[in-house]
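Chemist: Can you read through this structure? Questions will come right after.
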Amino acid sequence: MLYALTAVLGLLLLSGGALSGALLISRRQRLDMERRVRLVAAPLDSRANDAVGLWLKARSKRLDVRLQRVFAAGVERIWGMKAGTTGLLTVAAAGAGFAWLLVGVLFGLPSWLALPAAAAAAFILPRLLLLRQQKKTERQFSDLFPDAVDAIARMLRAGLPITSAVRAVGGEAPPPVNGVFAMVADEIALGAPIEDALDASSREIDLPDFRFFTMAVVMQHATGGNLAATLEILSDIVRRRRAVRLKAVATTAEIRVSAYVLGALPLLIVGVLMLIQPGYLAPLYSDPRGHVILAMAAAGLLLAAITMRQMMRSVTNL
């Protein structure tokens, strides 16, 4: 009798546990189904808003790139330019207004000189801003690139494939290095061979250090060999080139300061003369022949500045 009661109680407990488990599983499935229904049906408006937002963002990005190409006409590398449409148009309007006030109001020159000066300022100032951003991004990339190459070499020695190492650097390296390697990793994830992904990125970045990295990876990937050792040698070479470049910059510091002083002297003298004796320079902006002299002087100063800049860049851009 006792054994029968024990068996009945055991069966009741088992059946109760099974029923409770079935109820819990059913409830969990029902909640999961409700969650999926809410994801599918409820957020249609929010998903539509997200889609509209992404479309507007992509459209704005395309407009930014087109405007950057307009102001950076003739420039091969634009991947480091970050100024958007609003910023570029604001700088262009401010530059045009300042040039108009300076030439037409302050110097009293005719409108046929003030209008071209305003148009030139509206084009040159945004261009200078974009070129400065591009140069800053390239300098940051060159400074951080050897560390990224060392990280890839260490991951290769640890047994990771090159694709995983590139993906890791794209997610963990500081900008702008992470953006470049993330772009390469995304192309690989989409099915592109690593050679094609690196070649496309190398053409867009167009920096010697990254081209060396691309050639090393492609050759070692095609022929085999110790890629980690090759990358370690490459990072050492890149650091040595950077040290030589910094040494050249330090060596030419005195020449650059002298060039800045010589370029600023004519403007400083003109400003002092206008404060001390304004009538001394009055014929320059009241007489038509003075307009020609001013134009020739400005062109000479601009040509001298460009010449000195190119001479210094030929030494420092190693």
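Every chain in the structure tokens takes a letter, A first, then B, and so on in the order presented; its residues are numbered from 1, and the ligands are numbered from 1 following the presented order.
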What lies within 8 Å of region 252-263 of chain A using only C-alpha atoms, ignoring chain neighbours under 5 positions off, as a PyMOL selection string?
Modeler: chain A and resi 301+305+308+312
Chemist: Any chance you could export the current selection's N, CA and C atoms as a PDB file, in the first residue's frame?
Modeler:
```
ATOM      1  N   LEU A 301      53.593  88.944 -54.616  1.00  0.00           N
ATOM      2  CA  LEU A 301      53.629  88.333 -53.282  1.00  0.00           C
ATOM      3  C   LEU A 301      53.078  86.911 -53.301  1.00  0.00           C
ATOM      4  N   ALA A 305      55.165  83.530 -52.416  1.00  0.00           N
ATOM      5  CA  ALA A 305      54.721  82.622 -51.359  1.00  0.00           C
ATOM      6  C   ALA A 305      54.582  81.199 -51.883  1.00  0.00           C
ATOM      7  N   MET A 308      58.166  79.698 -52.461  1.00  0.00           N
ATOM      8  CA  MET A 308      58.837  79.296 -51.224  1.00  0.00           C
ATOM      9  C   MET A 308      58.161  78.080 -50.599  1.00  0.00           C
ATOM     10  N   MET A 312      60.014  74.426 -49.850  1.00  0.00           N
ATOM     11  CA  MET A 312      60.055  73.803 -48.530  1.00  0.00           C
ATOM     12  C   MET A 312      59.378  72.439 -48.543  1.00  0.00           C
TER      13      MET A 312
END
```
Chemist: Excluding Ala72 (chain A) and its own-chain neighbours fewer than 5 positions away, which residues fall within 8 Å of it when counting only C-alpha atoms? Please give them as a ChimeraX atom specification.
Modeler: /A:78,127,130-131
Chemist: In terms of the shortest atom-to-atom distance over only C-alpha atoms, which of A:Ala182, A:Val149, A:Met215, A:Leu227 is closest to Pro161 (chain A)?
Modeler: A:Leu227
Chemist: Identify, with DSSP run on backbone atoms, the residues in region 53-292 of chain A assigned to alpha helix (DSSP H), and express the list as a ChimeraX atom specification.
Modeler: /A:53-71,85-100,111-157,162-172,177-189,194-205,208-223,227-251,253-276,282-286,288-292
Chemist: As an exercise, work out the distance from CA of Ala93 (chain A) to CA of Gln134 (chain A) in Å and give it to one decimal place.
Modeler: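 Separation between CA of Ala93 (chain A) and CA of Gln134 (chain A): 21.6 Å.
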Chemist: Residues near region 177-181 of chain A, anyone? I mean within 12 Å using only C-alpha atoms, not counting same-chain ones fewer than 4 positions away, as a PyMOL selection string.
Modeler: chain A and resi 79-80+137-149+152+162-173+185-188+194+197-198+200-207+210+213-214
Chemist: At a cut-off of 10 Å, using only C-alpha atoms, what residues contact Leu234 (chain A)? Leave out same-chain residues fewer than 5 positions from it and give the result as a ChimeraX atom specification.
Modeler: /A:146,149-150,209,212-213,216,228-229,239-240
Chemist: Output C-alpha atoms for every residue in that selection, as a PDB file, in the first residue's frame.
Modeler:
```pdb
ATOM      1  CA  PRO A 146      53.373  51.801 -38.083  1.00  0.00           C
ATOM      2  CA  VAL A 149      51.248  47.303 -38.995  1.00  0.00           C
ATOM      3  CA  ASP A 150      52.898  46.061 -35.791  1.00  0.00           C
ATOM      4  CA  ASP A 209      53.456  53.746 -46.777  1.00  0.00           C
ATOM      5  CA  PHE A 212      54.213  49.364 -49.489  1.00  0.00           C
ATOM      6  CA  PHE A 213      51.908  47.544 -47.083  1.00  0.00           C
ATOM      7  CA  ALA A 216      53.914  43.256 -49.112  1.00  0.00           C
ATOM      8  CA  ALA A 228      54.710  38.817 -39.996  1.00  0.00           C
ATOM      9  CA  ALA A 229      58.465  39.346 -40.383  1.00  0.00           C
ATOM     10  CA  ARG A 239      59.289  54.839 -38.717  1.00  0.00           C
ATOM     11  CA  ARG A 240      62.731  55.631 -40.120  1.00  0.00           C
TER      12      ARG A 240
END
```
